[in-house]
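Student: My structure is stored as protein.pdb, with PDB, C-alpha atoms.
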```
MODEL        1
ATOM      1  CA  MET P   1     -47.715  24.911 -38.940
ATOM      2  CA  PRO P   2     -50.403  22.356 -38.287
ATOM      3  CA  LYS P   3     -52.969  24.779 -36.967
ATOM      4  CA  ASN P   4     -54.852  22.158 -35.014
ATOM      5  CA  THR P   5     -51.804  21.088 -32.954
ATOM      6  CA  PHE P   6     -50.899  24.652 -32.055
ATOM      7  CA  SER P   7     -54.508  25.696 -31.402
ATOM      8  CA  LEU P   8     -55.045  22.741 -29.096
ATOM      9  CA  TRP P   9     -51.907  23.646 -27.148
ATOM     10  CA  ALA P  10     -52.848  27.358 -26.927
ATOM     11  CA  ASN P  11     -56.403  26.611 -25.802
ATOM     12  CA  ARG P  12     -55.177  24.149 -23.161
ATOM     13  CA  PHE P  13     -52.554  26.655 -21.922
ATOM     14  CA  ARG P  14     -55.135  29.448 -21.613
ATOM     15  CA  ARG P  15     -57.722  27.128 -19.992
ATOM     16  CA  ASP P  16     -55.206  25.817 -17.431
ATOM     17  CA  ALA P  17     -54.165  29.369 -16.543
ATOM     18  CA  VAL P  18     -57.752  30.479 -15.978
ATOM     19  CA  LYS P  19     -58.538  27.328 -13.988
ATOM     20  CA  ASP P  20     -55.581  28.131 -11.700
ATOM     21  CA  SER P  21     -56.646  31.800 -11.416
ATOM     22  CA  MET P  22     -53.241  32.496 -13.012
ATOM     23  CA  SER P  23     -51.459  31.999  -9.684
ATOM     24  CA  LEU P  24     -48.467  30.189 -11.242
ATOM     25  CA  LEU P  25     -48.059  33.004 -13.748
ATOM     26  CA  ARG P  26     -48.235  35.609 -10.980
ATOM     27  CA  ASP P  27     -45.569  33.723  -9.006
ATOM     28  CA  HIS P  28     -43.373  33.485 -12.100
ATOM     29  CA  LEU P  29     -43.669  37.195 -12.900
ATOM     30  CA  HIS P  30     -42.794  38.013  -9.280
ATOM     31  CA  LEU P  31     -39.760  35.683  -9.386
ATOM     32  CA  ILE P  32     -38.319  37.332 -12.502
ATOM     33  CA  GLY P  33     -39.035  40.903 -11.399
ATOM     34  CA  GLN P  34     -41.864  41.713 -13.805
ATOM     35  CA  PRO P  35     -45.197  43.398 -12.991
ATOM     36  CA  ASP P  36     -48.184  41.351 -11.816
ATOM     37  CA  GLU P  37     -49.885  41.195 -15.217
ATOM     38  CA  PRO P  38     -50.526  37.492 -15.871
ATOM     39  CA  GLU P  39     -52.877  38.179 -18.795
ATOM     40  CA  LYS P  40     -49.889  39.653 -20.638
ATOM     41  CA  LEU P  41     -47.945  36.485 -19.876
ATOM     42  CA  ILE P  42     -50.684  34.274 -21.302
ATOM     43  CA  ASP P  43     -50.966  36.298 -24.513
ATOM     44  CA  GLY P  44     -47.219  36.721 -24.890
ATOM     45  CA  THR P  45     -46.488  33.046 -24.312
ATOM     46  CA  ILE P  46     -48.894  32.110 -27.077
ATOM     47  CA  MET P  47     -47.306  34.725 -29.360
ATOM     48  CA  ILE P  48     -43.746  33.583 -28.613
ATOM     49  CA  MET P  49     -44.662  29.926 -29.080
ATOM     50  CA  SER P  50     -46.310  30.720 -32.402
ATOM     51  CA  ALA P  51     -43.061  32.325 -33.558
ATOM     52  CA  CYS P  52     -40.936  29.438 -32.204
ATOM     53  CA  CYS P  53     -43.130  26.879 -33.950
ATOM     54  CA  ALA P  54     -42.965  28.806 -37.221
ATOM     55  CA  TYR P  55     -39.153  28.797 -37.080
ATOM     56  CA  LEU P  56     -39.071  25.107 -36.194
ATOM     57  CA  GLN P  57     -41.168  24.354 -39.266
ATOM     58  CA  ILE P  58     -38.940  26.502 -41.491
ATOM     59  CA  ASP P  59     -36.018  24.364 -40.283
ATOM     60  CA  TRP P  60     -38.019  21.156 -40.959
ATOM     61  CA  ARG P  61     -38.049  20.338 -37.234
ATOM     62  CA  SER P  62     -41.025  19.017 -35.306
ATOM     63  CA  MET P  63     -42.859  21.401 -33.011
ATOM     64  CA  ASP P  64     -44.522  18.599 -31.062
ATOM     65  CA  ASP P  65     -41.692  18.060 -28.568
ATOM     66  CA  VAL P  66     -41.306  21.789 -27.943
ATOM     67  CA  LEU P  67     -45.055  22.265 -27.438
ATOM     68  CA  ASP P  68     -45.133  19.281 -25.080
ATOM     69  CA  MET P  69     -42.554  21.070 -22.868
ATOM     70  CA  GLN P  70     -44.718  24.212 -22.712
ATOM     71  CA  ALA P  71     -47.443  23.073 -20.362
ATOM     72  CA  TYR P  72     -48.962  25.681 -18.077
ATOM     73  CA  ARG P  73     -47.610  23.833 -15.046
ATOM     74  CA  PRO P  74     -43.879  23.114 -15.493
ATOM     75  CA  ASP P  75     -42.589  19.562 -15.215
ATOM     76  CA  ARG P  76     -39.859  20.097 -12.651
ATOM     77  CA  ASP P  77     -38.598  16.547 -13.152
ATOM     78  CA  GLY P  78     -38.413  16.844 -16.937
ATOM     79  CA  ASP P  79     -35.613  17.742 -19.302
ATOM     80  CA  SER P  80     -36.420  21.462 -19.197
ATOM     81  CA  PRO P  81     -34.777  23.071 -16.178
ATOM     82  CA  TYR P  82     -35.138  26.692 -17.364
ATOM     83  CA  SER P  83     -37.731  29.248 -18.294
ATOM     84  CA  LEU P  84     -36.892  32.060 -20.668
ATOM     85  CA  THR P  85     -39.319  34.939 -20.373
ATOM     86  CA  PHE P  86     -39.291  37.541 -23.108
ATOM     87  CA  ASN P  87     -40.373  41.102 -22.425
ATOM     88  CA  LEU P  88     -42.136  42.234 -25.590
ATOM     89  CA  PHE P  89     -41.691  45.927 -24.795
ATOM     90  CA  ASP P  90     -43.951  45.729 -21.702
ATOM     91  CA  ARG P  91     -46.931  44.950 -23.952
ATOM     92  CA  ALA P  92     -46.661  41.195 -23.386
ATOM     93  CA  PHE P  93     -44.360  38.644 -21.751
ATOM     94  CA  GLY P  94     -43.700  35.266 -23.355
ATOM     95  CA  ARG P  95     -42.474  32.304 -21.302
ATOM     96  CA  VAL P  96     -40.702  29.336 -22.899
ATOM     97  CA  PHE P  97     -39.437  26.286 -21.032
ATOM     98  CA  ALA P  98     -36.078  25.165 -22.383
ATOM     99  CA  PRO P  99     -33.603  22.332 -21.924
ATOM    100  CA  ARG P 100     -30.124  22.962 -20.594
ATOM    101  CA  ASP P 101     -28.705  23.679 -24.080
ATOM    102  CA  ILE P 102     -31.553  26.136 -24.903
ATOM    103  CA  LYS P 103     -31.674  24.814 -28.471
ATOM    104  CA  CYS P 104     -35.456  24.563 -28.730
ATOM    105  CA  LEU P 105     -35.682  28.206 -29.753
ATOM    106  CA  ASP P 106     -33.661  30.587 -31.878
ATOM    107  CA  LEU P 107     -32.970  33.799 -29.976
ATOM    108  CA  ALA P 108     -31.479  35.466 -33.043
ATOM    109  CA  ASP P 109     -34.619  34.826 -35.084
ATOM    110  CA  LEU P 110     -36.816  36.039 -32.221
ATOM    111  CA  HIS P 111     -34.677  39.201 -32.062
ATOM    112  CA  ASP P 112     -35.975  40.070 -35.551
ATOM    113  CA  PHE P 113     -39.474  38.628 -35.300
ATOM    114  CA  PRO P 114     -42.167  41.163 -36.302
ATOM    115  CA  TRP P 115     -44.951  41.589 -33.740
ATOM    116  CA  HIS P 116     -47.502  43.103 -36.086
ATOM    117  CA  ASP P 117     -49.948  43.945 -33.279
ATOM    118  CA  PHE P 118     -47.255  46.078 -31.633
ATOM    119  CA  LYS P 119     -45.629  47.400 -34.838
ATOM    120  CA  MET P 120     -42.264  46.352 -33.374
ATOM    121  CA  CYS P 121     -39.702  43.598 -33.803
ATOM    122  CA  GLY P 122     -37.854  41.484 -31.284
ATOM    123  CA  TYR P 123     -37.866  41.762 -27.518
ATOM    124  CA  TYR P 124     -36.677  44.227 -24.897
ATOM    125  CA  ASP P 125     -35.041  41.587 -22.714
ATOM    126  CA  CYS P 126     -35.097  37.889 -21.913
ATOM    127  CA  ARG P 127     -35.008  36.623 -18.330
ATOM    128  CA  VAL P 128     -33.646  33.159 -17.647
ATOM    129  CA  ALA P 129     -34.670  31.414 -14.425
ATOM    130  CA  ARG P 130     -34.729  27.910 -13.023
ATOM    131  CA  LEU P 131     -38.066  26.102 -12.928
ATOM    132  CA  ASP P 132     -37.455  24.950  -9.364
ATOM    133  CA  ASN P 133     -37.240  28.638  -8.324
ATOM    134  CA  LYS P 134     -33.691  28.223  -7.005
ATOM    135  CA  ALA P 135     -31.071  30.804  -7.927
ATOM    136  CA  LEU P 136     -28.970  30.119 -10.992
ATOM    137  CA  SER P 137     -25.484  28.965 -10.009
ATOM    138  CA  ARG P 138     -22.359  30.600 -11.420
ATOM    139  CA  PRO P 139     -21.554  27.562 -13.640
ATOM    140  CA  GLU P 140     -25.158  27.544 -14.932
ATOM    141  CA  ILE P 141     -24.993  31.246 -15.720
ATOM    142  CA  GLU P 142     -21.753  30.772 -17.637
ATOM    143  CA  GLU P 143     -23.268  27.846 -19.573
ATOM    144  CA  ILE P 144     -26.382  29.853 -20.404
ATOM    145  CA  GLU P 145     -24.363  32.909 -21.410
ATOM    146  CA  ASN P 146     -22.246  30.758 -23.752
ATOM    147  CA  ALA P 147     -25.310  29.091 -25.307
ATOM    148  CA  ILE P 148     -27.022  32.439 -25.870
ATOM    149  CA  THR P 149     -23.869  34.040 -27.261
ATOM    150  CA  ASP P 150     -23.337  31.115 -29.665
ATOM    151  CA  ASP P 151     -26.963  31.334 -30.810
ATOM    152  CA  ILE P 152     -26.887  35.094 -31.420
ATOM    153  CA  ARG P 153     -23.387  35.118 -32.944
ATOM    154  CA  PHE P 154     -24.404  32.437 -35.461
ATOM    155  CA  ASP P 155     -26.604  35.085 -37.119
ATOM    156  CA  TYR P 156     -25.168  38.417 -35.962
ATOM    157  CA  SER P 157     -21.620  39.739 -35.723
ATOM    158  CA  GLU P 158     -20.313  41.925 -32.907
ATOM    159  CA  GLU P 159     -20.669  44.894 -35.259
ATOM    160  CA  GLU P 160     -24.406  44.212 -35.668
ATOM    161  CA  VAL P 161     -25.620  43.480 -32.136
ATOM    162  CA  GLU P 162     -24.354  43.762 -28.612
ATOM    163  CA  ILE P 163     -25.256  41.113 -26.034
ATOM    164  CA  LEU P 164     -25.424  42.262 -22.437
ATOM    165  CA  PHE P 165     -25.860  39.919 -19.473
ATOM    166  CA  ASP P 166     -27.045  41.291 -16.145
ATOM    167  CA  ARG P 167     -26.523  38.845 -13.285
ATOM    168  CA  ASP P 168     -27.506  41.318 -10.571
ATOM    169  CA  ALA P 169     -30.758  43.035 -11.639
ATOM    170  CA  VAL P 170     -32.972  40.247 -10.286
ATOM    171  CA  PRO P 171     -31.503  37.895  -7.644
ATOM    172  CA  GLY P 172     -31.025  34.376  -9.041
ATOM    173  CA  VAL P 173     -32.173  35.359 -12.557
ATOM    174  CA  LEU P 174     -30.071  36.170 -15.629
ATOM    175  CA  VAL P 175     -31.346  39.138 -17.642
ATOM    176  CA  VAL P 176     -30.231  39.204 -21.281
ATOM    177  CA  TYR P 177     -30.324  42.190 -23.635
ATOM    178  CA  VAL P 178     -29.679  41.912 -27.369
ATOM    179  CA  ILE P 179     -29.198  45.413 -28.740
ATOM    180  CA  ASP P 180     -28.855  46.481 -32.363
ATOM    181  CA  ILE P 181     -25.773  48.577 -33.032
ATOM    182  CA  MET P 182     -26.632  51.516 -35.242
TER     183      MET P 182
ENDMDL
END
```
Any chance you could give the structure as structure tokens?
Tutor:
Amino acid sequence: MPKNTFSLWANRFRRDAVKDSMSLLRDHLHLIGQPDEPEKLIDGTIMIMSACCAYLQIDWRSMDDVLDMQAYRPDRDGDSPYSLTFNLFDRAFGRVFAPRDIKCLDLADLHDFPWHDFKMCGYYDCRVARLDNKALSRPEIEEIENAITDDIRFDYSEEEVEILFDRDAVPGVLVVYVIDIM
């Protein structure tokens, strides 16, 4: 990955968060039902984006467009209506802004990604929310569930992983679990 492009993005993301006293991150964590630990969201977002960019490069896809979507302050008028926030086993939380089809990231690959600092792979859950802070509608939830299922099932069969969707845990937010079947 062009280190300079990613480093510039990460530094700008961290700087913007500090400049804002992390208030947007605190609001986001509150919205999705996670603890008020914005430092974990900064670190985790940089970790998740590093993994996403690595996979984009493996697939010979540009990371520039995806990084452009990942500004600290979301573009509510842009093509990215959703945030996906990954819980990296309560050690970090990574937020990714995604378009309606959620194709800018590979959830199956992230399910297996090794977080060397944590000596773990994958994520505990992923929480999908709207950037405008409105509740997800039933048709949106069904669309998101289908996109996530298609993504995961491309790499994993029903005998390998179970996908659970919780529409009720956090009002207006879809919580997704991808669980290995032993």
Student: On this structure, which residues satisfy the PyMOL selection byres ((chain P and resi 128) around 12), written as a ChimeraX atom specification?
Tutor: /P:28-29,31-33,81-87,94-100,102,125-127,129-131,133-137,140-141,143-145,148,165-167,169-177
Student: Between atom CA of Met22 of chain P and atom CA of Phe93 of chain P, measure the distance and give it in Å to one decimal.
Tutor: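 These atoms are spaced 13.9 Å apart.
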Student: List every protein, DNA or RNA residue with an atom no more than 12 Å from (-47.8, 21.2, -24.7) in the file's coordinates, counting all atoms listed in the file, and format the result as a PyMOL selection string.
Tutor: chain P and resi 5-14+16+45-46+49+53+63-75+96-97
Student: Find the spatial neighbours of Phe89 of chain P, counting all atoms listed in the file, within a cut-off of 10 Å - ignore same-chain residues fewer than 3 positions away - and output them as a list in words.
Tutor: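 Counting only the stated atoms, we get Phe86, Ala92, Phe93, Phe118, Met120, Cys121, Gly122, Tyr123, Tyr124 and Asp125 of chain P.
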Student: Please report the interatomic distance between atom CA of Tyr156 of chain P and atom CA of Asp180 of chain P in Å with one decimal.
Tutor: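 We find that atom CA of Tyr156 of chain P and atom CA of Asp180 of chain P lie 9.6 Å from each other.
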Student: Quick one: what's the axis-aligned box for segment 150-168 of chain P, all listed atoms, 8 Å on every side, centre and edges in Å to one decimal, as JSON?
Tutor:
```
{"center_x": -23.9, "center_y": 38.0, "center_z": -23.8, "size_x": 23.2, "size_y": 29.8, "size_z": 42.5}
```
Student: May I ask which of the residues P:Glu159, P:Gln34, P:Ser23, P:Ile152 is the closest one to Asp90 of chain P, counting only C-alpha atoms?
Tutor: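 Counting only C-alpha atoms, the residue closest to Asp90 of chain P is P:Gln34.
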Student: Env of Leu56 of chain P: 12 Å cut, atoms = only C-alpha atoms, seq-sep filter 2 positions within chain, self excluded. Answer as a ChimeraX atom specification.
Tutor: /P:1-2,49-54,58-67,103-106,109-110
Student: At what distance in Å, to one decimal, does atom CA of Ala17 of chain P lie from atom CA of His30 of chain P?
Tutor: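 Rounded to one decimal, the two atoms are 16.0 Å apart.
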Student: Name the closest residue to Asp112 of chain P among the candidates P:Lys19, P:Asp132, P:Tyr55, P:Asp43; distances are taken between atoms, counting all atoms listed in the file.
Tutor: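 The shortest atom-to-atom distance to Asp112 of chain P comes from P:Tyr55.
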